[in-house]
$ cat final.tsv   # TSV, C-alpha atoms
chain	number	residue	atom	x	y	z
A	35	MET	CA	-24.83	-15.86	-14.85
A	36	THR	CA	-21.09	-15.29	-15.05
A	37	PRO	CA	-19.76	-12.66	-12.66
A	38	LYS	CA	-17.18	-10.12	-13.75
A	39	LEU	CA	-13.54	-10.83	-12.89
A	40	ILE	CA	-12.18	-7.99	-10.78
A	41	LEU	CA	-8.42	-7.71	-10.30
A	42	THR	CA	-7.14	-5.79	-7.33
A	43	GLY	CA	-4.10	-5.83	-5.09
A	44	PHE	CA	-1.05	-3.89	-4.11
A	45	MET	CA	0.94	-1.84	-6.62
A	46	ALA	CA	3.30	-3.77	-8.89
A	47	THR	CA	1.57	-7.11	-8.39
A	48	GLY	CA	0.72	-7.32	-12.10
A	49	LYS	CA	-2.89	-6.10	-12.36
A	50	SER	CA	-2.42	-3.94	-15.44
A	51	SER	CA	-0.07	-6.43	-17.11
A	52	VAL	CA	-2.12	-9.56	-16.56
A	53	GLY	CA	-5.58	-8.02	-16.96
A	54	PRO	CA	-5.49	-7.69	-20.77
A	55	ILE	CA	-4.06	-11.21	-21.09
A	56	VAL	CA	-6.81	-12.68	-18.91
A	57	ALA	CA	-9.45	-10.75	-20.84
A	58	ARG	CA	-8.07	-11.94	-24.17
A	59	GLN	CA	-7.97	-15.57	-23.00
A	60	LEU	CA	-11.56	-15.36	-21.78
A	61	GLY	CA	-12.70	-13.41	-24.85
A	62	TRP	CA	-13.94	-10.59	-22.59
A	63	GLU	CA	-13.52	-6.83	-22.52
A	64	PHE	CA	-10.75	-5.35	-20.35
A	65	VAL	CA	-11.35	-2.17	-18.34
A	66	ASP	CA	-8.83	-0.39	-16.10
A	67	VAL	CA	-10.23	1.87	-13.35
A	68	ASP	CA	-7.03	3.94	-13.29
A	69	MET	CA	-7.39	4.60	-17.04
A	70	ILE	CA	-10.96	5.84	-16.51
A	71	VAL	CA	-9.77	8.12	-13.71
A	72	THR	CA	-6.89	9.57	-15.73
A	73	ALA	CA	-9.14	10.11	-18.76
A	74	ARG	CA	-11.71	11.98	-16.65
A	75	ALA	CA	-9.08	14.08	-14.90
A	76	GLY	CA	-7.09	14.70	-18.07
A	77	LYS	CA	-3.83	13.98	-16.26
A	78	PRO	CA	-1.82	11.08	-14.80
A	79	ILE	CA	-2.54	9.76	-11.31
A	80	ALA	CA	0.67	11.22	-9.86
A	81	GLN	CA	-0.42	14.64	-11.14
A	82	ILE	CA	-3.92	14.22	-9.67
A	83	PHE	CA	-2.33	13.50	-6.28
A	84	ALA	CA	0.02	16.49	-6.63
A	85	ASP	CA	-2.57	18.99	-7.90
A	86	ASP	CA	-5.77	17.89	-6.22
A	87	GLY	CA	-4.83	15.50	-3.40
A	88	GLU	CA	-5.60	11.90	-2.61
A	89	ALA	CA	-9.19	12.62	-1.52
A	90	HIS	CA	-10.02	13.93	-5.00
A	91	PHE	CA	-8.35	10.92	-6.61
A	92	ARG	CA	-10.36	8.56	-4.38
A	93	GLN	CA	-13.58	10.36	-5.33
A	94	LEU	CA	-12.80	9.92	-9.05
A	95	GLU	CA	-11.96	6.28	-8.37
A	96	ARG	CA	-15.28	5.78	-6.54
A	97	GLU	CA	-17.18	7.35	-9.47
A	98	ALA	CA	-15.43	4.99	-11.90
A	99	VAL	CA	-16.36	1.97	-9.76
A	100	VAL	CA	-19.99	3.12	-9.65
A	101	GLN	CA	-19.98	3.53	-13.43
A	102	LEU	CA	-18.55	0.04	-14.00
A	103	THR	CA	-20.75	-1.72	-11.47
A	104	SER	CA	-23.90	-0.01	-12.75
A	105	ASP	CA	-23.29	-1.15	-16.33
A	106	ARG	CA	-26.52	-2.72	-17.60
A	107	ARG	CA	-25.13	-4.04	-20.89
A	108	ARG	CA	-25.94	-7.68	-21.54
A	109	CYS	CA	-23.84	-10.40	-23.13
A	110	PRO	CA	-25.06	-10.93	-26.69
A	111	HIS	CA	-24.50	-14.69	-26.34
A	112	CYS	CA	-25.83	-15.65	-22.89
A	113	HIS	CA	-27.85	-12.48	-22.16
A	114	GLY	CA	-26.30	-12.35	-18.67
A	115	PRO	CA	-24.22	-9.41	-17.40
A	116	PHE	CA	-21.66	-8.15	-19.90
A	117	PRO	CA	-18.44	-10.12	-19.28
A	118	GLU	CA	-15.49	-7.96	-18.27
A	119	VAL	CA	-12.14	-8.13	-16.58
A	120	ILE	CA	-11.86	-5.01	-14.42
A	121	SER	CA	-8.47	-3.92	-13.07
A	122	THR	CA	-8.60	-1.61	-10.07
A	123	GLY	CA	-6.08	0.58	-8.33
A	124	GLY	CA	-4.22	-0.74	-5.31
A	125	GLY	CA	-6.28	1.22	-2.79
A	126	VAL	CA	-9.77	0.67	-4.21
A	127	LEU	CA	-10.84	-1.92	-1.60
A	128	VAL	CA	-9.94	0.39	1.28
A	129	ASP	CA	-13.23	2.15	0.50
A	130	GLU	CA	-16.01	-0.11	1.80
A	131	SER	CA	-18.53	1.17	-0.76
A	132	ASN	CA	-16.18	0.16	-3.60
A	133	CYS	CA	-15.78	-3.30	-2.12
A	134	VAL	CA	-19.55	-3.81	-1.74
A	135	ALA	CA	-20.23	-2.60	-5.30
A	136	LEU	CA	-17.51	-4.77	-6.83
A	137	LYS	CA	-18.55	-7.89	-4.88
A	138	ARG	CA	-22.12	-7.37	-6.08
A	139	VAL	CA	-21.09	-7.82	-9.72
A	140	GLY	CA	-18.13	-10.13	-9.63
A	141	VAL	CA	-15.40	-12.19	-8.10
A	142	ILE	CA	-12.55	-10.13	-6.64
A	143	VAL	CA	-9.13	-11.65	-7.25
A	144	CYS	CA	-6.47	-9.92	-5.17
A	145	LEU	CA	-2.93	-10.16	-6.52
A	146	THR	CA	-0.30	-10.27	-3.82
A	147	GLY	CA	3.46	-10.36	-3.66
A	148	ARG	CA	6.26	-10.54	-1.15
A	149	PRO	CA	7.32	-7.03	-0.04
A	150	GLU	CA	10.89	-7.40	-1.32
A	151	VAL	CA	9.60	-8.49	-4.75
A	152	ILE	CA	7.18	-5.54	-4.87
A	153	ALA	CA	9.93	-3.10	-3.83
A	154	ALA	CA	12.27	-4.43	-6.54
A	155	ARG	CA	9.54	-4.15	-9.20
A	156	VAL	CA	8.67	-0.60	-8.14
A	157	GLU	CA	12.32	0.47	-8.20
A	158	ARG	CA	12.74	-0.92	-11.75
A	159	SER	CA	9.57	0.82	-12.96
A	160	LYS	CA	9.50	4.29	-14.42
A	161	ALA	CA	5.97	4.86	-13.06
A	162	ARG	CA	5.59	7.42	-10.29
A	163	ARG	CA	3.88	5.99	-7.21
A	164	PRO	CA	2.55	8.87	-5.06
A	165	LYS	CA	1.78	6.70	-2.02
A	166	LEU	CA	5.39	5.43	-1.88
A	167	THR	CA	6.92	8.86	-1.53
A	168	GLU	CA	4.94	9.79	1.60
A	169	GLY	CA	7.16	9.96	4.66
A	170	GLY	CA	10.44	9.81	2.74
A	171	LYS	CA	11.12	6.21	3.81
A	172	PRO	CA	13.14	3.63	1.87
A	173	THR	CA	11.02	1.81	-0.71
A	174	LEU	CA	10.91	-1.55	1.07
A	175	ALA	CA	9.96	0.02	4.41
A	176	ARG	CA	7.17	2.03	2.78
A	177	VAL	CA	5.91	-1.02	0.84
A	178	LYS	CA	5.70	-3.02	4.08
A	179	GLU	CA	3.94	-0.15	5.84
A	180	LEU	CA	1.34	0.27	3.09
A	181	MET	CA	0.78	-3.48	2.81
A	182	ASP	CA	0.12	-3.63	6.56
A	183	GLU	CA	-2.29	-0.68	6.31
A	184	ARG	CA	-4.23	-2.37	3.50
A	185	ALA	CA	-4.14	-5.96	4.77
A	186	ASP	CA	-7.73	-5.90	6.06
A	187	ALA	CA	-9.00	-4.38	2.81
A	188	TYR	CA	-7.24	-7.00	0.69
A	189	ALA	CA	-8.60	-9.75	2.94
A	190	ARG	CA	-12.09	-8.81	1.67
A	191	ALA	CA	-11.23	-10.24	-1.76
A	192	ASP	CA	-12.76	-13.58	-2.73
A	193	VAL	CA	-9.39	-15.10	-3.52
A	194	GLN	CA	-5.71	-14.15	-3.43
A	195	VAL	CA	-3.05	-15.11	-5.97
A	196	ASP	CA	0.63	-14.50	-5.21
A	197	SER	CA	2.40	-13.10	-8.27
A	198	SER	CA	5.90	-13.09	-6.74
A	199	ASP	CA	7.37	-16.06	-8.61
A	200	LEU	CA	5.13	-16.22	-11.68
A	201	THR	CA	5.56	-15.01	-15.23
A	202	VAL	CA	2.69	-12.91	-16.55
A	203	GLU	CA	1.42	-15.92	-18.54
A	204	GLN	CA	1.55	-18.17	-15.46
A	205	LEU	CA	-0.18	-15.48	-13.43
A	206	ALA	CA	-2.96	-15.27	-16.04
A	207	ASP	CA	-3.49	-19.04	-15.77
A	208	HIS	CA	-3.61	-18.87	-11.96
A	209	VAL	CA	-6.05	-15.94	-12.02
A	210	ILE	CA	-8.38	-17.68	-14.47
A	211	GLY	CA	-8.24	-20.90	-12.46
A	212	ALA	CA	-8.97	-19.16	-9.15
A	213	PHE	CA	-11.75	-17.13	-10.76
A	214	GLY	CA	-13.32	-20.25	-12.25
A	215	VAL	CA	-13.47	-22.00	-8.89
A	216	HIS	CA	-15.06	-19.01	-7.16
A	217	ALA	CA	-17.35	-18.04	-10.05
A	218	ALA	CA	-18.84	-21.53	-10.02
A	219	ARG	CA	-19.88	-20.95	-6.39
A	220	ARG	CA	-21.44	-17.54	-7.09
A	221	ILE	CA	-25.00	-16.88	-8.12
A	222	LEU	CA	-25.44	-13.27	-9.03
A	223	PRO	CA	-28.79	-11.55	-8.61
A	224	PRO	CA	-30.47	-10.58	-11.91
A	225	ALA	CA	-29.43	-7.15	-13.13
$ encode --input "final.tsv" --output "structure tokens"
Amino acid sequence: MTPKLILTGFMATGKSSVGPIVARQLGWEFVDVDMIVTARAGKPIAQIFADDGEAHFRQLEREAVVQLTSDRRRCPHCHGPFPEVISTGGGVLVDESNCVALKRVGVIVCLTGRPEVIAARVERSKARRPKLTEGGKPTLARVKELMDERADAYARADVQVDSSDLTVEQLADHVIGAFGVHAARRILPPA
């Protein structure tokens, strides 16, 4: 049975950009945990953090992971688990229960990047990143701090792919290749 492909990693590593491309190339469905969270909350992530706090956001994130990993749909072709590419938020693996649930259903591919590349991408982006504004530090310093805090969580992934010097298309190829190698080694329990 083919496991799901789960994309995770630090902010601005390309999860949301590459996820739909990978899904399209595999002919699978694409699902974004952050989109589920924002749909349930009825507001953007930055607003959830501002109005309700990080703990509430993490609870919504956990509920979305449970929903996705409890999906009992079957592939109409192979009758195995429904094939999906799931993109998660940058902090999802910090929660051990999320990590266990995601590993149960798929291969976790963690996208990485050099701190200076991440900082430059974040500064060019119009997206608000609530975790970056904590402490009022310069972007690069805060990126390094958060990456250090999450290093152990990201190390739980099955494979890491550095997106620093890759185009989105190249990144998609690397993700699919890394997934293929690890998926071939995985035998998932029957759903």
$ closest_residue --input "final.tsv" --among "A:Arg219, A:Arg190, A:His208, A:His111" --to "Val52 in chain A" --atoms "all atoms listed in the file"
A:His208
$ atom_distance --input "final.tsv" --atom1 "CA of Gln101 in chain A" --atom2 "CA of Glu183 in chain A"
26.8 Å
$ residues_around --input "final.tsv" --residues "Val56 in chain A" --least-positions-apart "5" --cutoff "8 Å" --atoms "only C-alpha atoms" --output "list of chain:residue names"
A:Val119, A:Ala206, A:Asp207, A:Val209, A:Ile210
$ closest_atom_pairs --input "final.tsv" --of "range 115-191 of chain A" --to "range 69-82 of chain A" --cutoff "8 Å" --atoms "only C-alpha atoms" --output "tab-separated table"
residue	atom	partner	partner_atom	distance
A:Arg162	CA	A:Ala80	CA	6.2
A:Arg163	CA	A:Ala80	CA	6.7
A:Pro164	CA	A:Ala80	CA	5.7
$ closest_residue --input "final.tsv" --among "A:Gly140, A:Gly124, A:Gly169, A:Pro117" --to "Ala217 in chain A" --atoms "only C-alpha atoms"
A:Gly140
$ closest_residue --input "final.tsv" --among "A:Ala191, A:Leu94, A:Leu41, A:Ile55" --to "Gln204 in chain A" --atoms "only C-alpha atoms"
A:Ile55
$ closest_residue --input "final.tsv" --among "A:Ile142, A:Gly87, A:Ala135, A:Leu127" --to "Val99 in chain A" --atoms "only C-alpha atoms"
A:Ala135
$ residues_near_point --input "final.tsv" --point "(-16.0, -5.6, -5.8)" --cutoff "12 Å" --atoms "all atoms listed in the file" --output "PyMOL selection string"
chain A and resi 37-43+96+99-100+102-104+119-123+126-144+187-188+190-193
$ atom_distance --input "final.tsv" --atom1 "CA of Glu203 in chain A" --atom2 "CA of Thr146 in chain A"
15.9 Å
$ closest_residue --input "final.tsv" --among "A:Cys112, A:Val156, A:Ala161, A:Val202" --to "Ser51 in chain A" --atoms "only C-alpha atoms"
A:Val202
$ closest_residue --input "final.tsv" --among "A:Ala98, A:Glu63, A:Asp196, A:Gln93" --to "Gly147 in chain A" --atoms "only C-alpha atoms"
A:Asp196
$ decode --input "final.tsv" --residues "range 177-195 of chain A" --atoms "N, CA and C atoms" --output "compact mmCIF listing (two decimals), in the first residue's frame"
# COMPACT_ATOMS: atom_id res chain seq x y z
N VAL A 177 14.65 33.66 12.88
CA VAL A 177 14.62 32.43 12.08
C VAL A 177 15.58 31.40 12.67
N LYS A 178 16.81 31.83 12.96
CA LYS A 178 17.80 30.90 13.54
C LYS A 178 17.32 30.36 14.88
N GLU A 179 16.76 31.22 15.70
CA GLU A 179 16.25 30.81 17.01
C GLU A 179 15.15 29.77 16.88
N LEU A 180 14.18 30.03 16.02
CA LEU A 180 13.08 29.09 15.82
C LEU A 180 13.56 27.77 15.21
N MET A 181 14.48 27.86 14.26
CA MET A 181 15.02 26.63 13.65
C MET A 181 15.72 25.77 14.70
N ASP A 182 16.46 26.42 15.59
CA ASP A 182 17.12 25.67 16.68
C ASP A 182 16.09 25.03 17.60
N GLU A 183 15.03 25.77 17.93
CA GLU A 183 13.98 25.24 18.80
C GLU A 183 13.29 24.03 18.19
N ARG A 184 13.15 24.01 16.88
CA ARG A 184 12.41 22.95 16.20
C ARG A 184 13.28 21.86 15.61
N ALA A 185 14.58 21.95 15.78
CA ALA A 185 15.50 21.00 15.15
C ALA A 185 15.17 19.55 15.52
N ASP A 186 14.91 19.28 16.78
CA ASP A 186 14.59 17.90 17.19
C ASP A 186 13.29 17.42 16.56
N ALA A 187 12.31 18.30 16.47
CA ALA A 187 11.03 17.93 15.85
C ALA A 187 11.23 17.60 14.37
N TYR A 188 11.98 18.43 13.66
CA TYR A 188 12.20 18.19 12.24
C TYR A 188 13.04 16.94 12.00
N ALA A 189 13.88 16.60 12.96
CA ALA A 189 14.70 15.38 12.83
C ALA A 189 13.84 14.12 12.86
N ARG A 190 12.60 14.22 13.31
CA ARG A 190 11.69 13.06 13.33
C ARG A 190 11.19 12.67 11.93
N ALA A 191 11.34 13.58 10.97
CA ALA A 191 10.87 13.31 9.61
C ALA A 191 11.64 12.13 9.03
N ASP A 192 11.03 11.48 8.06
CA ASP A 192 11.67 10.33 7.41
C ASP A 192 12.82 10.76 6.51
N VAL A 193 12.69 11.93 5.92
CA VAL A 193 13.72 12.42 5.00
C VAL A 193 13.67 13.94 4.99
N GLN A 194 14.81 14.56 4.70
CA GLN A 194 14.88 16.01 4.59
C GLN A 194 15.36 16.39 3.20
N VAL A 195 14.77 17.44 2.66
CA VAL A 195 15.16 17.95 1.34
C VAL A 195 15.40 19.45 1.49
